[in-house]
Amino acid sequence: MDSAGFMARLTANQEKTTPMRKTGEKPIHLKSIFTDEKETTLTYAQLPTLTLHRSPIPAPLASALFQELMSEAESYERHEWFLAGRKVQSPHTSGYYHDGQLEAEDSAAGEGYWYAGKQVNPAPRYPPLLGQAAALITPYVNNVLARRSRLAGEYAGEWRANFAAVNHYHGAASSVGWHADQSTYLGPCATIVSLSLGTPREFRLRPVPHHSSPTTDALGNSLRTYAVTLGHNSLCIMHAGTQELYKHTVPPTPTGSVDIFKPPYDSAQRWVPPEARKGYTSRINITFRFYRPDFRPYPGLAPGGGKRQGTPVCRCGIPWYVVVVVPSSSRVQPHLTPFVGSVLRADQKGKARAAAAAAAGGNGPTTTAPTDEPSPRVKDLAQALSGMIYFWQCQSSSVTGTDKGCGFFRVLDFVEEGRGPCFTSG
Ligand SMILES: O=C(O)CCC(=O)C(=O)O
Ligand SMILES: [Fe+2]
């Protein structure tokens, strides 16, 4: 399938965006973190899950990659989904790619994958320069991860940039709303690696309130919005816990204008004199993701032998395969039909936790540590995430807009579902 046809069937690899409480407060701007020339990697104390890295790929490649993806972006589309029964469109366009290895490991690469409620046909492979960037980013990220303590639920193996979602923000109004990324194929505590190219844009994060302490986050800090400007060839790593503890957004620019970006190298990575440079008002953002071997759509083998489940199918009643009559031949053939699989979400609001506790007669899930006491000033990420529950949920209402879905809801159970291997703690 050509990439335009493929794009027509795609939607975001992120949750539908939800409005955040308006506070009117100014975000804390973290601009200053790039001013120390000696430091290329910084962790901000109140954002322990975020690191920022300057110039992760060579400058000529960064310019050429921007141009490669600008040309790819001509066929990108806005994605559409239903919010409270109303069709909405994303305020940016997107495209999706995977490395060839994902295809080799998983014959379904594409067919069984869903994003925000739509089936993805086989995603195209990385175009050449995106493939080069992924090959550089993979060891870079593993190096960064080797220096961090790891959280329970993280995949106990190498991270690999085997999937990329590319967003094109064209002009000042183009944006992405507050959201946390879906965990369906990434599993809990995902590492999502965002490479920015082109005109700089502001990226904001805000912690979700702790379920037992609405004025603080899970680390005990008061709720604030943080902002950082992501410029050309900068890497922002959303480490384990970011999708669980924060929401993020790229808002429209408040001034209504953006800086002009003039790539200093052409698409063949040759230097261009300043007077001959072409100007752009676009930002390209690539989020490199690791589709875990234990969170694939189809069932497979569990780490110690035995069965591993695929993405759970919800109860909407649409089976994985149906038999259809092909009119031209009047023969009955098996056919892969749209089915609505579930999505994996972290229980950011503690609702699933409360429901599970009620179902267990008030004792709560036995596999998680109690966190019901008011949140103290916790400094430790592992502690902040210790009560986190992940659940599979029907996504059909956002696909069809016509009903509330089947209500399918199941708490993720690593052992029962044959997933892993995972880190058990730092
Ligand atoms: O453009 C960005 O920096 C963020 C993109 C994003 O949040 C996403 O694609 O899920
Ligand atoms: Fe995101």
# chains A, B, ... in the order shown; residues from 1 in each chain; ligands from 1
$ residues_around --residues "A:Ser90" --least-positions-apart "5" --cutoff "8 Å" --atoms "only C-alpha atoms" --output "list of chain:residue names"
A:Arg78, A:His79, A:Glu80, A:Val176
$ residues_near_ligand --ligand "ligand 2" --cutoff "7 Å" --atoms "only C-alpha atoms and all ligand atoms" --output "ChimeraX atom specification"
/A:14,179-181,248
$ closest_atom_pairs --of "chain A" --to "ligand 1" --cutoff "7 Å" --atoms "only C-alpha atoms and all ligand atoms" --output "tab-separated table"
residue	atom	partner	partner_atom_place_in_ligand_line	distance
A:Asn13	CA	ligand 1	10 (O)	6.7
A:Gln14	CA	ligand 1	10 (O)	5.4
A:Ala165	CA	ligand 1	9 (O)	6.3
A:Val166	CA	ligand 1	9 (O)	6.9
A:Asn167	CA	ligand 1	9 (O)	6.1
A:Val176	CA	ligand 1	7 (O)	6.7
A:Asp181	CA	ligand 1	10 (O)	5.6
A:Ser194	CA	ligand 1	3 (O)	6.4
A:Ser196	CA	ligand 1	3 (O)	6.8
A:Phe203	CA	ligand 1	3 (O)	5.8
A:His248	CA	ligand 1	7 (O)	6.3
A:Thr249	CA	ligand 1	7 (O)	6.1
A:Val250	CA	ligand 1	2 (C)	6.0
A:Asn285	CA	ligand 1	1 (O)	4.8
A:Thr287	CA	ligand 1	9 (O)	6.1
$ atom_distance --atom1 "atom CA of A:Pro209" --atom2 "atom CA of A:Cys236"
22.9 Å
$ residues_around --residues "stretch 266-279 of chain A" --least-positions-apart "5" --cutoff "10 Å" --atoms "only C-alpha atoms" --output "short mmCIF file (atom, residue, chain, number, x, y, z; two decimals) with C-alpha atoms, in the first residue's frame"
data_model
loop_
_atom_site.label_atom_id
_atom_site.label_comp_id
_atom_site.auth_asym_id
_atom_site.auth_seq_id
_atom_site.Cartn_x
_atom_site.Cartn_y
_atom_site.Cartn_z
CA PRO A 58 24.98 15.43 13.83
CA ALA A 59 23.88 18.86 12.54
CA PRO A 60 23.97 17.93 8.83
CA LEU A 61 21.77 14.88 9.50
CA ALA A 62 19.34 16.94 11.61
CA SER A 63 18.81 19.46 8.78
CA ALA A 64 18.45 16.77 6.13
CA LEU A 65 16.09 14.71 8.30
CA PHE A 66 13.90 17.79 8.80
CA GLN A 67 13.66 18.13 5.01
CA GLU A 68 13.02 14.42 4.49
CA LEU A 129 17.45 9.39 7.27
CA GLY A 198 12.66 22.87 12.87
CA THR A 199 11.15 25.91 14.51
CA ASP A 259 10.49 31.75 14.54
CA ILE A 260 11.58 31.05 10.99
CA PHE A 261 13.81 28.01 10.79
#
$ residues_around --residues "A:Asn142" --least-positions-apart "3" --cutoff "12 Å" --atoms "only C-alpha atoms" --output "list in words"
Ala135, Leu136, Ile137, Thr138, Pro139, Leu145, Ala146, Arg147, Arg148, Arg150, Ala156, Gly157, Glu158, Trp159, Arg160, Ala161, Thr191, Val193, Ile237, His239 and Phe290 of chain A
$ residues_around --residues "A:Arg283" --least-positions-apart "2" --cutoff "10 Å" --atoms "only C-alpha atoms" --output "VMD selection string"
chain A and resid 66 70 167 to 172 174 196 to 201 230 to 232 258 261 280 to 281 285 to 286
$ write_last_selection --atoms "C-alpha atoms" --output "JSON list (two decimals), in the first residue's frame"
[["chain", "number", "residue", "atom", "x", "y", "z"],
["A", 66, "PHE", "CA", 13.90, 17.79, 8.80],
["A", 70, "MET", "CA", 8.74, 17.78, 5.62],
["A", 167, "ASN", "CA", 3.97, 15.05, 14.18],
["A", 168, "HIS", "CA", 4.02, 18.04, 11.86],
["A", 169, "TYR", "CA", 3.13, 21.39, 13.47],
["A", 170, "HIS", "CA", 2.56, 23.92, 10.74],
["A", 171, "GLY", "CA", 2.52, 27.50, 12.00],
["A", 172, "ALA", "CA", 1.61, 28.98, 15.37],
["A", 174, "SER", "CA", -0.82, 23.91, 15.22],
["A", 196, "SER", "CA", 12.50, 17.99, 17.79],
["A", 197, "LEU", "CA", 13.44, 19.53, 14.45],
["A", 198, "GLY", "CA", 12.66, 22.87, 12.87],
["A", 199, "THR", "CA", 11.15, 25.91, 14.51],
["A", 200, "PRO", "CA", 11.25, 25.85, 18.33],
["A", 201, "ARG", "CA", 8.00, 25.25, 20.23],
["A", 230, "LEU", "CA", 12.31, 22.38, 22.42],
["A", 231, "GLY", "CA", 14.53, 23.73, 19.68],
["A", 232, "HIS", "CA", 15.98, 22.19, 16.54],
["A", 258, "VAL", "CA", 6.81, 31.31, 15.31],
["A", 261, "PHE", "CA", 13.81, 28.01, 10.79],
["A", 280, "TYR", "CA", 10.23, 27.23, 7.31],
["A", 281, "THR", "CA", 7.62, 27.89, 10.00],
["A", 285, "ASN", "CA", 8.57, 16.14, 16.27],
["A", 286, "ILE", "CA", 9.53, 12.49, 16.23]]
